[in-house]
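Shown next: work-v1.txt, given as compact mmCIF, N, CA and C atoms.
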# COMPACT_ATOMS: atom_id res chain seq x y z
N MET A 8 -165.13 1.49 -3.14
CA MET A 8 -166.29 1.89 -2.37
C MET A 8 -165.83 2.44 -1.02
N THR A 9 -166.40 3.54 -0.63
CA THR A 9 -166.06 4.16 0.64
C THR A 9 -167.32 4.35 1.46
N ASP A 10 -167.27 3.93 2.70
CA ASP A 10 -168.36 4.17 3.64
C ASP A 10 -167.87 5.14 4.70
N ARG A 11 -168.68 6.12 5.00
CA ARG A 11 -168.41 7.06 6.09
C ARG A 11 -169.61 7.04 7.01
N HIS A 12 -169.40 7.37 8.27
CA HIS A 12 -170.55 7.35 9.17
C HIS A 12 -170.53 8.53 10.14
N ALA A 13 -171.69 8.81 10.63
CA ALA A 13 -171.91 9.80 11.68
C ALA A 13 -173.07 9.28 12.52
N SER A 14 -173.19 9.79 13.72
CA SER A 14 -174.28 9.35 14.58
C SER A 14 -174.89 10.54 15.30
N ALA A 15 -176.14 10.37 15.66
CA ALA A 15 -176.86 11.40 16.40
C ALA A 15 -177.47 10.76 17.64
N HIS A 16 -177.47 11.50 18.73
CA HIS A 16 -178.10 11.08 19.99
C HIS A 16 -179.08 12.18 20.37
N TRP A 17 -180.26 11.80 20.84
CA TRP A 17 -181.30 12.77 21.20
C TRP A 17 -181.94 12.37 22.50
N GLU A 18 -182.26 13.36 23.32
CA GLU A 18 -183.01 13.15 24.56
C GLU A 18 -184.08 14.21 24.67
N GLY A 19 -185.32 13.79 24.92
CA GLY A 19 -186.41 14.73 25.12
C GLY A 19 -187.31 14.83 23.91
N ASP A 20 -188.20 15.81 23.96
CA ASP A 20 -189.14 16.00 22.85
C ASP A 20 -188.51 16.84 21.75
N GLY A 21 -189.28 17.13 20.71
CA GLY A 21 -188.73 17.83 19.55
C GLY A 21 -188.34 19.27 19.82
N LYS A 22 -189.14 19.99 20.60
CA LYS A 22 -188.88 21.42 20.80
C LYS A 22 -187.89 21.69 21.92
N THR A 23 -188.00 20.99 23.03
CA THR A 23 -187.13 21.30 24.16
C THR A 23 -186.01 20.28 24.35
N GLY A 24 -186.05 19.21 23.57
CA GLY A 24 -185.01 18.19 23.68
C GLY A 24 -183.67 18.69 23.17
N LYS A 25 -182.66 17.93 23.44
CA LYS A 25 -181.30 18.28 23.02
C LYS A 25 -180.65 17.05 22.41
N GLY A 26 -179.77 17.29 21.45
CA GLY A 26 -179.07 16.20 20.82
C GLY A 26 -177.61 16.52 20.60
N THR A 27 -176.89 15.50 20.19
CA THR A 27 -175.49 15.66 19.80
C THR A 27 -175.24 14.88 18.52
N ILE A 28 -174.29 15.37 17.75
CA ILE A 28 -173.88 14.72 16.50
C ILE A 28 -172.38 14.45 16.59
N THR A 29 -171.99 13.24 16.19
CA THR A 29 -170.59 12.84 16.18
C THR A 29 -170.27 12.25 14.81
N THR A 30 -169.14 12.66 14.24
CA THR A 30 -168.72 12.13 12.94
C THR A 30 -167.58 11.13 13.11
N GLN A 31 -167.44 10.28 12.14
CA GLN A 31 -166.40 9.26 12.15
C GLN A 31 -165.01 9.86 12.37
N SER A 32 -164.74 10.98 11.73
CA SER A 32 -163.43 11.61 11.84
C SER A 32 -163.22 12.32 13.17
N SER A 33 -164.26 12.47 13.95
CA SER A 33 -164.28 13.21 15.22
C SER A 33 -164.14 14.72 15.03
N VAL A 34 -164.27 15.20 13.80
CA VAL A 34 -164.31 16.65 13.60
C VAL A 34 -165.48 17.21 14.39
N LEU A 35 -166.59 16.49 14.35
CA LEU A 35 -167.71 16.78 15.25
C LEU A 35 -167.72 15.66 16.29
N SER A 36 -167.65 16.02 17.55
CA SER A 36 -167.67 15.04 18.62
C SER A 36 -168.64 15.51 19.68
N ASP A 37 -169.78 14.87 19.72
CA ASP A 37 -170.85 15.28 20.64
C ASP A 37 -171.19 16.75 20.47
N SER A 38 -171.22 17.21 19.21
CA SER A 38 -171.58 18.60 18.90
C SER A 38 -173.07 18.80 19.13
N PRO A 39 -173.44 19.83 19.88
CA PRO A 39 -174.85 20.01 20.23
C PRO A 39 -175.71 20.45 19.04
N TYR A 40 -176.93 19.94 19.05
CA TYR A 40 -177.94 20.42 18.11
C TYR A 40 -179.31 20.25 18.75
N GLY A 41 -180.24 21.05 18.29
CA GLY A 41 -181.60 21.01 18.81
C GLY A 41 -182.46 22.03 18.09
N PHE A 42 -183.65 22.21 18.55
CA PHE A 42 -184.57 23.17 17.95
C PHE A 42 -183.93 24.56 17.90
N ASN A 43 -183.28 24.93 19.01
CA ASN A 43 -182.70 26.28 19.08
C ASN A 43 -181.52 26.47 18.12
N THR A 44 -180.76 25.41 17.83
CA THR A 44 -179.65 25.56 16.88
C THR A 44 -180.14 25.46 15.44
N ARG A 45 -181.30 24.87 15.27
CA ARG A 45 -181.83 24.68 13.92
C ARG A 45 -182.70 25.85 13.48
N PHE A 46 -183.48 26.40 14.39
CA PHE A 46 -184.46 27.42 14.01
C PHE A 46 -184.24 28.78 14.67
N GLU A 47 -183.37 28.85 15.66
CA GLU A 47 -183.20 30.11 16.39
C GLU A 47 -181.76 30.60 16.42
N ASN A 48 -180.89 30.02 15.63
CA ASN A 48 -179.50 30.46 15.47
C ASN A 48 -178.68 30.45 16.76
N GLU A 49 -179.00 29.55 17.68
CA GLU A 49 -178.18 29.37 18.87
C GLU A 49 -176.89 28.64 18.49
N PRO A 50 -175.84 28.73 19.30
CA PRO A 50 -174.60 28.02 19.01
C PRO A 50 -174.83 26.50 18.93
N GLY A 51 -174.17 25.87 18.00
CA GLY A 51 -174.33 24.45 17.76
C GLY A 51 -174.53 24.24 16.27
N THR A 52 -174.82 23.03 15.88
CA THR A 52 -174.99 22.74 14.47
C THR A 52 -176.42 22.33 14.18
N ASN A 53 -176.68 21.96 12.94
CA ASN A 53 -178.00 21.47 12.55
C ASN A 53 -177.84 20.70 11.24
N PRO A 54 -178.80 19.85 10.92
CA PRO A 54 -178.67 19.02 9.72
C PRO A 54 -178.50 19.83 8.43
N GLU A 55 -179.20 20.94 8.29
CA GLU A 55 -179.10 21.71 7.05
C GLU A 55 -177.71 22.33 6.88
N GLU A 56 -177.13 22.80 7.96
CA GLU A 56 -175.77 23.34 7.91
C GLU A 56 -174.78 22.26 7.50
N LEU A 57 -174.98 21.06 7.99
CA LEU A 57 -174.08 19.95 7.65
C LEU A 57 -174.24 19.55 6.18
N ILE A 58 -175.47 19.58 5.68
CA ILE A 58 -175.71 19.30 4.26
C ILE A 58 -175.05 20.38 3.41
N ALA A 59 -175.19 21.63 3.82
CA ALA A 59 -174.57 22.74 3.09
C ALA A 59 -173.05 22.57 3.05
N ALA A 60 -172.45 22.22 4.18
CA ALA A 60 -171.00 22.01 4.22
C ALA A 60 -170.60 20.86 3.31
N ALA A 61 -171.36 19.78 3.36
CA ALA A 61 -171.05 18.62 2.51
C ALA A 61 -171.16 18.98 1.03
N HIS A 62 -172.21 19.73 0.67
CA HIS A 62 -172.42 20.08 -0.74
C HIS A 62 -171.33 21.03 -1.23
N ALA A 63 -171.00 22.05 -0.42
CA ALA A 63 -169.95 23.00 -0.82
C ALA A 63 -168.61 22.28 -0.99
N GLY A 64 -168.27 21.42 -0.04
CA GLY A 64 -167.01 20.70 -0.12
C GLY A 64 -166.95 19.72 -1.28
N CYS A 65 -168.03 18.99 -1.49
CA CYS A 65 -168.09 18.00 -2.57
C CYS A 65 -167.99 18.67 -3.93
N PHE A 66 -168.79 19.71 -4.14
CA PHE A 66 -168.77 20.43 -5.42
C PHE A 66 -167.38 21.01 -5.70
N THR A 67 -166.78 21.63 -4.70
CA THR A 67 -165.48 22.28 -4.90
C THR A 67 -164.41 21.26 -5.27
N MET A 68 -164.42 20.11 -4.60
CA MET A 68 -163.46 19.07 -4.94
C MET A 68 -163.75 18.50 -6.33
N ALA A 69 -165.02 18.33 -6.67
CA ALA A 69 -165.38 17.83 -8.00
C ALA A 69 -164.88 18.79 -9.08
N LEU A 70 -164.98 20.10 -8.83
CA LEU A 70 -164.49 21.08 -9.80
C LEU A 70 -162.97 21.01 -9.91
N ALA A 71 -162.28 20.82 -8.79
CA ALA A 71 -160.82 20.69 -8.83
C ALA A 71 -160.42 19.51 -9.71
N PHE A 72 -161.16 18.40 -9.64
CA PHE A 72 -160.87 17.24 -10.49
C PHE A 72 -161.21 17.52 -11.95
N GLN A 73 -162.29 18.26 -12.20
CA GLN A 73 -162.63 18.65 -13.57
C GLN A 73 -161.51 19.50 -14.17
N LEU A 74 -161.02 20.45 -13.39
CA LEU A 74 -159.94 21.31 -13.85
C LEU A 74 -158.68 20.50 -14.11
N GLN A 75 -158.35 19.59 -13.21
CA GLN A 75 -157.17 18.73 -13.38
C GLN A 75 -157.26 17.93 -14.66
N SER A 76 -158.42 17.37 -14.95
CA SER A 76 -158.61 16.59 -16.19
C SER A 76 -158.43 17.44 -17.43
N ALA A 77 -158.69 18.75 -17.30
CA ALA A 77 -158.54 19.67 -18.43
C ALA A 77 -157.15 20.30 -18.47
N GLY A 78 -156.27 19.86 -17.58
CA GLY A 78 -154.91 20.40 -17.56
C GLY A 78 -154.82 21.76 -16.90
N LEU A 79 -155.78 22.08 -16.04
CA LEU A 79 -155.82 23.39 -15.38
C LEU A 79 -155.72 23.21 -13.87
N LYS A 80 -155.32 24.30 -13.19
CA LYS A 80 -155.20 24.26 -11.74
C LYS A 80 -155.67 25.60 -11.19
N ALA A 81 -156.57 25.54 -10.23
CA ALA A 81 -157.11 26.76 -9.64
C ALA A 81 -156.12 27.38 -8.67
N THR A 82 -156.08 28.70 -8.68
CA THR A 82 -155.40 29.43 -7.62
C THR A 82 -156.27 29.40 -6.38
N SER A 83 -157.58 29.57 -6.59
CA SER A 83 -158.52 29.47 -5.47
C SER A 83 -159.92 29.15 -5.99
N LEU A 84 -160.62 28.34 -5.21
CA LEU A 84 -162.03 28.04 -5.42
C LEU A 84 -162.72 28.24 -4.08
N ASP A 85 -163.65 29.16 -4.01
CA ASP A 85 -164.40 29.42 -2.77
C ASP A 85 -165.88 29.23 -3.06
N THR A 86 -166.47 28.25 -2.39
CA THR A 86 -167.88 27.92 -2.62
C THR A 86 -168.67 28.06 -1.34
N LYS A 87 -169.82 28.72 -1.45
CA LYS A 87 -170.78 28.81 -0.36
C LYS A 87 -172.03 28.06 -0.80
N ALA A 88 -172.58 27.24 0.08
CA ALA A 88 -173.85 26.56 -0.19
C ALA A 88 -174.87 27.05 0.81
N VAL A 89 -176.04 27.41 0.32
CA VAL A 89 -177.15 27.80 1.18
C VAL A 89 -178.27 26.80 0.97
N VAL A 90 -178.58 26.05 2.01
CA VAL A 90 -179.63 25.04 1.97
C VAL A 90 -180.90 25.66 2.53
N THR A 91 -182.01 25.54 1.79
CA THR A 91 -183.28 26.13 2.18
C THR A 91 -184.20 25.07 2.77
N LEU A 92 -184.67 25.32 3.98
CA LEU A 92 -185.62 24.46 4.68
C LEU A 92 -186.94 25.21 4.78
N VAL A 93 -188.01 24.60 4.29
CA VAL A 93 -189.33 25.23 4.33
C VAL A 93 -190.34 24.29 4.97
N GLN A 94 -191.42 24.89 5.48
CA GLN A 94 -192.50 24.07 6.02
C GLN A 94 -193.18 23.31 4.90
N ASP A 95 -193.53 22.07 5.18
CA ASP A 95 -194.17 21.20 4.20
C ASP A 95 -195.26 20.43 4.93
N GLY A 96 -196.49 20.95 4.86
CA GLY A 96 -197.57 20.33 5.62
C GLY A 96 -197.28 20.45 7.10
N GLY A 97 -197.28 19.32 7.80
CA GLY A 97 -197.00 19.33 9.23
C GLY A 97 -195.53 19.19 9.54
N GLY A 98 -194.67 19.12 8.53
CA GLY A 98 -193.24 18.95 8.75
C GLY A 98 -192.43 19.97 7.98
N PHE A 99 -191.26 19.56 7.58
CA PHE A 99 -190.35 20.44 6.85
C PHE A 99 -189.73 19.69 5.69
N LYS A 100 -189.18 20.45 4.75
CA LYS A 100 -188.58 19.87 3.56
C LYS A 100 -187.43 20.76 3.10
N VAL A 101 -186.31 20.15 2.72
CA VAL A 101 -185.22 20.88 2.08
C VAL A 101 -185.58 20.99 0.60
N THR A 102 -185.67 22.21 0.11
CA THR A 102 -186.11 22.44 -1.26
C THR A 102 -185.02 22.90 -2.20
N LYS A 103 -183.90 23.36 -1.63
CA LYS A 103 -182.91 23.96 -2.52
C LYS A 103 -181.54 23.96 -1.85
N SER A 104 -180.52 23.81 -2.69
CA SER A 104 -179.14 24.05 -2.28
C SER A 104 -178.56 25.00 -3.32
N ALA A 105 -178.30 26.22 -2.92
CA ALA A 105 -177.78 27.24 -3.83
C ALA A 105 -176.28 27.38 -3.62
N LEU A 106 -175.53 27.03 -4.64
CA LEU A 106 -174.07 27.13 -4.60
C LEU A 106 -173.64 28.47 -5.20
N THR A 107 -172.72 29.14 -4.55
CA THR A 107 -172.11 30.35 -5.08
C THR A 107 -170.61 30.12 -5.09
N LEU A 108 -170.02 30.22 -6.27
CA LEU A 108 -168.60 29.94 -6.47
C LEU A 108 -167.88 31.20 -6.92
N LYS A 109 -166.76 31.47 -6.28
CA LYS A 109 -165.83 32.50 -6.73
C LYS A 109 -164.51 31.79 -7.01
N ALA A 110 -164.04 31.91 -8.24
CA ALA A 110 -162.87 31.14 -8.66
C ALA A 110 -161.82 32.02 -9.31
N VAL A 111 -160.57 31.68 -9.05
CA VAL A 111 -159.44 32.25 -9.77
C VAL A 111 -158.73 31.05 -10.40
N ILE A 112 -158.75 31.02 -11.74
CA ILE A 112 -158.20 29.88 -12.49
C ILE A 112 -157.40 30.44 -13.66
N PRO A 113 -156.08 30.44 -13.55
CA PRO A 113 -155.27 30.96 -14.65
C PRO A 113 -155.47 30.15 -15.93
N GLY A 114 -155.54 30.86 -17.07
CA GLY A 114 -155.57 30.22 -18.37
C GLY A 114 -156.89 29.64 -18.81
N ILE A 115 -157.99 29.94 -18.13
CA ILE A 115 -159.29 29.40 -18.51
C ILE A 115 -160.14 30.52 -19.12
N ASP A 116 -160.94 30.17 -20.13
CA ASP A 116 -161.89 31.15 -20.66
C ASP A 116 -163.27 30.88 -20.07
N GLN A 117 -164.18 31.80 -20.27
CA GLN A 117 -165.51 31.72 -19.65
C GLN A 117 -166.26 30.47 -20.09
N ALA A 118 -166.19 30.10 -21.37
CA ALA A 118 -166.92 28.93 -21.87
C ALA A 118 -166.44 27.65 -21.20
N LYS A 119 -165.12 27.50 -21.08
CA LYS A 119 -164.56 26.30 -20.44
C LYS A 119 -164.90 26.28 -18.95
N PHE A 120 -164.84 27.44 -18.33
CA PHE A 120 -165.22 27.57 -16.91
C PHE A 120 -166.66 27.14 -16.70
N ASP A 121 -167.56 27.65 -17.55
CA ASP A 121 -168.97 27.29 -17.43
C ASP A 121 -169.17 25.79 -17.62
N GLU A 122 -168.49 25.22 -18.60
CA GLU A 122 -168.61 23.78 -18.87
C GLU A 122 -168.14 22.95 -17.67
N LEU A 123 -166.95 23.24 -17.17
CA LEU A 123 -166.39 22.44 -16.09
C LEU A 123 -167.16 22.63 -14.78
N ALA A 124 -167.57 23.86 -14.49
CA ALA A 124 -168.36 24.09 -13.28
C ALA A 124 -169.71 23.38 -13.37
N GLY A 125 -170.32 23.41 -14.54
CA GLY A 125 -171.59 22.69 -14.74
C GLY A 125 -171.42 21.19 -14.57
N ASN A 126 -170.33 20.65 -15.10
CA ASN A 126 -170.05 19.22 -14.93
C ASN A 126 -169.89 18.87 -13.46
N ALA A 127 -169.18 19.72 -12.72
CA ALA A 127 -168.96 19.48 -11.29
C ALA A 127 -170.27 19.58 -10.52
N GLU A 128 -171.11 20.55 -10.89
CA GLU A 128 -172.41 20.71 -10.21
C GLU A 128 -173.26 19.45 -10.37
N LYS A 129 -173.31 18.92 -11.58
CA LYS A 129 -174.14 17.74 -11.84
C LYS A 129 -173.47 16.44 -11.38
N GLY A 130 -172.14 16.41 -11.39
CA GLY A 130 -171.43 15.17 -11.11
C GLY A 130 -171.03 14.95 -9.67
N CYS A 131 -171.06 15.98 -8.86
CA CYS A 131 -170.70 15.83 -7.46
C CYS A 131 -171.64 14.84 -6.78
N PRO A 132 -171.10 13.86 -6.04
CA PRO A 132 -171.96 12.85 -5.41
C PRO A 132 -173.04 13.43 -4.50
N ILE A 133 -172.77 14.53 -3.83
CA ILE A 133 -173.80 15.12 -2.96
C ILE A 133 -174.90 15.75 -3.81
N SER A 134 -174.55 16.37 -4.95
CA SER A 134 -175.58 16.88 -5.86
C SER A 134 -176.49 15.75 -6.32
N LYS A 135 -175.89 14.60 -6.61
CA LYS A 135 -176.67 13.45 -7.06
C LYS A 135 -177.58 12.93 -5.95
N LEU A 136 -177.15 13.06 -4.71
CA LEU A 136 -177.93 12.58 -3.58
C LEU A 136 -179.15 13.45 -3.30
N LEU A 137 -178.98 14.76 -3.44
CA LEU A 137 -180.04 15.69 -3.08
C LEU A 137 -181.18 15.65 -4.09
N ASN A 138 -182.39 15.57 -3.58
CA ASN A 138 -183.58 15.63 -4.43
C ASN A 138 -184.21 17.00 -4.22
N ALA A 139 -183.47 18.01 -4.61
CA ALA A 139 -183.90 19.40 -4.43
C ALA A 139 -183.34 20.20 -5.59
N GLU A 140 -183.87 21.38 -5.79
CA GLU A 140 -183.32 22.28 -6.80
C GLU A 140 -181.90 22.65 -6.40
N ILE A 141 -180.98 22.54 -7.32
CA ILE A 141 -179.60 22.93 -7.09
C ILE A 141 -179.25 24.01 -8.10
N THR A 142 -178.79 25.15 -7.60
CA THR A 142 -178.40 26.24 -8.48
C THR A 142 -176.93 26.54 -8.27
N LEU A 143 -176.31 27.14 -9.29
CA LEU A 143 -174.91 27.51 -9.21
C LEU A 143 -174.75 28.91 -9.78
N ASP A 144 -174.27 29.84 -8.95
CA ASP A 144 -173.93 31.19 -9.37
C ASP A 144 -172.41 31.27 -9.30
N LYS A 145 -171.76 31.52 -10.44
CA LYS A 145 -170.31 31.43 -10.46
C LYS A 145 -169.69 32.69 -11.01
N THR A 146 -168.52 33.02 -10.47
CA THR A 146 -167.76 34.18 -10.91
C THR A 146 -166.32 33.74 -11.13
N LEU A 147 -165.80 34.02 -12.29
CA LEU A 147 -164.39 33.77 -12.61
C LEU A 147 -163.67 35.09 -12.47
N ALA A 148 -162.77 35.16 -11.50
CA ALA A 148 -162.02 36.39 -11.27
C ALA A 148 -160.65 36.26 -11.92
N GLN A 149 -160.10 37.38 -12.28
CA GLN A 149 -158.75 37.40 -12.83
C GLN A 149 -157.77 37.51 -11.68
N GLY A 150 -156.66 36.84 -11.80
CA GLY A 150 -155.70 36.95 -10.70
C GLY A 150 -154.50 36.20 -10.87
I'd like the structure from this file rewritten - as structure tokens, please.
Amino acid sequence: MTDRHASAHWEGDGKTGKGTITTQSSVLSDSPYGFNTRFENEPGTNPEELIAAAHAGCFTMALAFQLQSAGLKATSLDTKAVVTLVQDGGGFKVTKSALTLKAVIPGIDQAKFDELAGNAEKGCPISKLLNAEITLDKTLAQG
């Protein structure tokens, strides 16, 4: 069992207030976030960006383990996750995490690629955590 933690600090109201996020590893240390970083693309981070990073990283590692179990090794796996935040009544809701994978994997055919990528999509712990539509668009490149 592994526990990881992060913390958030906030001062002020929702629109004009400011916050910081710190992660256990200190990769983020008092990183700024607020309304402007979440909805207006100002410098800083936001919860949806962090979820997207977690999902992309988790899925990619899960696929690497799927490939390893099948006796395969990727030359490269590049995953982008786009998390969609929409208005939901008086608040907001994350409705989707769209994964886009570009992979170079010597010795794999399309059917095996589809199988292993699908297993990783469903088996990644962050996929299991999210209660949203999760899609995967994947490309197997030769190389």
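Reported to one decimal place, the separation of CA of Thr29 (chain A) from atom N of Leu108 (chain A) is 28.4 Å.
Distances here use only N, CA and C atoms; by that measure, the residue among A:Gln117, A:Thr82, A:Thr102, A:Asn126 closest to Leu147 (chain A) is A:Gln117.
The residues of region 85-130 of chain A that DSSP assigns to strand (DSSP E) on this backbone come out as Asp85, Thr86, Lys87, Ala88, Val89, Val90, Thr91, Leu92, Val93, Gln94, Asp95, Gly98, Phe99, Lys100, Val101, Thr102, Lys103, Ser104, Ala105, Leu106, Thr107, Leu108, Lys109, Ala110 and Val111 of chain A.
Shortest atom-to-atom contact with Asp85 (chain A) among A:Val111, A:Ala139, A:Val101, A:Ala61: A:Val111, counting all atoms listed in the file.
For Lys80 (chain A), the residues within 6 Å (counting all atoms listed in the file, excluding itself and residues fewer than 4 positions away along the chain) are Leu74, Gln75, Ile112 and Pro113 of chain A.
Put simply, atom N of Tyr40 (chain A) is 13.5 Å away from CA of Ala13 (chain A).
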One number please: CA of Ser14 (chain A) to atom N of Ala127 (chain A), in Å, one decimal. 29.6 Å
Nearest to Gly24 (chain A) among A:Glu128, A:Ser36, A:Asp95, A:Asn43, with distances taken over only N, CA and C atoms: which residue is it? A:Asn43
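Ranking A:Ala60, A:Val34, A:Leu123, A:Ile141 by their shortest atom-to-atom distance to Lys103 (chain A), with all atoms listed in the file included, puts A:Ile141 first.
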Is it possible to get the residues within 7 Å of (-182.3, 21.2, 21.4) (coordinates as in the file, counting all atoms listed in the file) written as a PDB file with N, CA and C atoms, in the frame of the given file?
ATOM      1  N   GLY A  21    -189.280  17.130  20.710  1.00  0.00           N
ATOM      2  CA  GLY A  21    -188.730  17.830  19.550  1.00  0.00           C
ATOM      3  C   GLY A  21    -188.340  19.270  19.820  1.00  0.00           C
ATOM      4  N   LYS A  22    -189.140  19.990  20.600  1.00  0.00           N
ATOM      5  CA  LYS A  22    -188.880  21.420  20.800  1.00  0.00           C
ATOM      6  C   LYS A  22    -187.890  21.690  21.920  1.00  0.00           C
ATOM      7  N   THR A  23    -188.000  20.990  23.030  1.00  0.00           N
ATOM      8  CA  THR A  23    -187.130  21.300  24.160  1.00  0.00           C
ATOM      9  C   THR A  23    -186.010  20.280  24.350  1.00  0.00           C
ATOM     10  N   GLY A  24    -186.050  19.210  23.570  1.00  0.00           N
ATOM     11  CA  GLY A  24    -185.010  18.190  23.680  1.00  0.00           C
ATOM     12  C   GLY A  24    -183.670  18.690  23.170  1.00  0.00           C
ATOM     13  N   LYS A  25    -182.660  17.930  23.440  1.00  0.00           N
ATOM     14  CA  LYS A  25    -181.300  18.280  23.020  1.00  0.00           C
ATOM     15  C   LYS A  25    -180.650  17.050  22.410  1.00  0.00           C
ATOM     16  N   GLY A  26    -179.770  17.290  21.450  1.00  0.00           N
ATOM     17  CA  GLY A  26    -179.070  16.200  20.820  1.00  0.00           C
ATOM     18  C   GLY A  26    -177.610  16.520  20.600  1.00  0.00           C
ATOM     19  N   TYR A  40    -176.930  19.940  19.050  1.00  0.00           N
ATOM     20  CA  TYR A  40    -177.940  20.420  18.110  1.00  0.00           C
ATOM     21  C   TYR A  40    -179.310  20.250  18.750  1.00  0.00           C
ATOM     22  N   GLY A  41    -180.240  21.050  18.290  1.00  0.00           N
ATOM     23  CA  GLY A  41    -181.600  21.010  18.810  1.00  0.00           C
ATOM     24  C   GLY A  41    -182.460  22.030  18.090  1.00  0.00           C
ATOM     25  N   PHE A  42    -183.650  22.210  18.550  1.00  0.00           N
ATOM     26  CA  PHE A  42    -184.570  23.170  17.950  1.00  0.00           C
ATOM     27  C   PHE A  42    -183.930  24.560  17.900  1.00  0.00           C
ATOM     28  N   ASN A  43    -183.280  24.930  19.010  1.00  0.00           N
ATOM     29  CA  ASN A  43    -182.700  26.280  19.080  1.00  0.00           C
ATOM     30  C   ASN A  43    -181.520  26.470  18.120  1.00  0.00           C
ATOM     31  N   THR A  44    -180.760  25.410  17.830  1.00  0.00           N
ATOM     32  CA  THR A  44    -179.650  25.560  16.880  1.00  0.00           C
ATOM     33  C   THR A  44    -180.140  25.460  15.440  1.00  0.00           C
TER      34      THR A  44
END
Using N, CA, C and O atoms, give me region 47-61 of chain A from the structure I just pasted, as a PDB file, in the first residue's frame.
ATOM      1  N   GLU A  47      -8.665  31.407 -16.803  1.00  0.00           N
ATOM      2  CA  GLU A  47      -8.183  32.478 -17.676  1.00  0.00           C
ATOM      3  C   GLU A  47      -6.770  32.242 -18.201  1.00  0.00           C
ATOM      4  O   GLU A  47      -6.161  33.132 -18.757  1.00  0.00           O
ATOM      5  N   ASN A  48      -6.230  31.061 -18.016  1.00  0.00           N
ATOM      6  CA  ASN A  48      -4.923  30.667 -18.555  1.00  0.00           C
ATOM      7  C   ASN A  48      -3.754  31.532 -18.087  1.00  0.00           C
ATOM      8  O   ASN A  48      -2.774  31.713 -18.818  1.00  0.00           O
ATOM      9  N   GLU A  49      -3.843  32.072 -16.882  1.00  0.00           N
ATOM     10  CA  GLU A  49      -2.718  32.785 -16.291  1.00  0.00           C
ATOM     11  C   GLU A  49      -1.668  31.768 -15.842  1.00  0.00           C
ATOM     12  O   GLU A  49      -1.983  30.596 -15.625  1.00  0.00           O
ATOM     13  N   PRO A  50      -0.413  32.184 -15.665  1.00  0.00           N
ATOM     14  CA  PRO A  50       0.618  31.268 -15.188  1.00  0.00           C
ATOM     15  C   PRO A  50       0.266  30.684 -13.813  1.00  0.00           C
ATOM     16  O   PRO A  50      -0.258  31.392 -12.958  1.00  0.00           O
ATOM     17  N   GLY A  51       0.558  29.431 -13.633  1.00  0.00           N
ATOM     18  CA  GLY A  51       0.227  28.717 -12.411  1.00  0.00           C
ATOM     19  C   GLY A  51      -0.433  27.405 -12.796  1.00  0.00           C
ATOM     20  O   GLY A  51      -0.507  27.053 -13.965  1.00  0.00           O
ATOM     21  N   THR A  52      -0.923  26.686 -11.826  1.00  0.00           N
ATOM     22  CA  THR A  52      -1.535  25.401 -12.099  1.00  0.00           C
ATOM     23  C   THR A  52      -3.014  25.439 -11.754  1.00  0.00           C
ATOM     24  O   THR A  52      -3.557  26.481 -11.393  1.00  0.00           O
ATOM     25  N   ASN A  53      -3.666  24.299 -11.892  1.00  0.00           N
ATOM     26  CA  ASN A  53      -5.074  24.174 -11.526  1.00  0.00           C
ATOM     27  C   ASN A  53      -5.384  22.694 -11.341  1.00  0.00           C
ATOM     28  O   ASN A  53      -4.638  21.839 -11.824  1.00  0.00           O
ATOM     29  N   PRO A  54      -6.457  22.387 -10.632  1.00  0.00           N
ATOM     30  CA  PRO A  54      -6.763  20.978 -10.352  1.00  0.00           C
ATOM     31  C   PRO A  54      -6.935  20.119 -11.605  1.00  0.00           C
ATOM     32  O   PRO A  54      -6.467  18.976 -11.631  1.00  0.00           O
ATOM     33  N   GLU A  55      -7.550  20.644 -12.641  1.00  0.00           N
ATOM     34  CA  GLU A  55      -7.780  19.840 -13.847  1.00  0.00           C
ATOM     35  C   GLU A  55      -6.467  19.498 -14.552  1.00  0.00           C
ATOM     36  O   GLU A  55      -6.290  18.387 -15.059  1.00  0.00           O
ATOM     37  N   GLU A  56      -5.546  20.439 -14.588  1.00  0.00           N
ATOM     38  CA  GLU A  56      -4.236  20.189 -15.173  1.00  0.00           C
ATOM     39  C   GLU A  56      -3.504  19.102 -14.397  1.00  0.00           C
ATOM     40  O   GLU A  56      -2.850  18.228 -14.986  1.00  0.00           O
ATOM     41  N   LEU A  57      -3.626  19.126 -13.089  1.00  0.00           N
ATOM     42  CA  LEU A  57      -2.961  18.120 -12.252  1.00  0.00           C
ATOM     43  C   LEU A  57      -3.592  16.740 -12.456  1.00  0.00           C
ATOM     44  O   LEU A  57      -2.882  15.730 -12.488  1.00  0.00           O
ATOM     45  N   ILE A  58      -4.917  16.694 -12.611  1.00  0.00           N
ATOM     46  CA  ILE A  58      -5.595  15.428 -12.896  1.00  0.00           C
ATOM     47  C   ILE A  58      -5.143  14.909 -14.260  1.00  0.00           C
ATOM     48  O   ILE A  58      -4.872  13.716 -14.422  1.00  0.00           O
ATOM     49  N   ALA A  59      -5.055  15.796 -15.241  1.00  0.00           N
ATOM     50  CA  ALA A  59      -4.608  15.391 -16.579  1.00  0.00           C
ATOM     51  C   ALA A  59      -3.189  14.829 -16.520  1.00  0.00           C
ATOM     52  O   ALA A  59      -2.895  13.785 -17.120  1.00  0.00           O
ATOM     53  N   ALA A  60      -2.308  15.485 -15.782  1.00  0.00           N
ATOM     54  CA  ALA A  60      -0.932  14.991 -15.650  1.00  0.00           C
ATOM     55  C   ALA A  60      -0.917  13.622 -14.976  1.00  0.00           C
ATOM     56  O   ALA A  60      -0.205  12.715 -15.413  1.00  0.00           O
ATOM     57  N   ALA A  61      -1.702  13.482 -13.921  1.00  0.00           N
ATOM     58  CA  ALA A  61      -1.755  12.200 -13.211  1.00  0.00           C
ATOM     59  C   ALA A  61      -2.292  11.094 -14.113  1.00  0.00           C
ATOM     60  O   ALA A  61      -1.770   9.976 -14.122  1.00  0.00           O
TER      61      ALA A  61
END
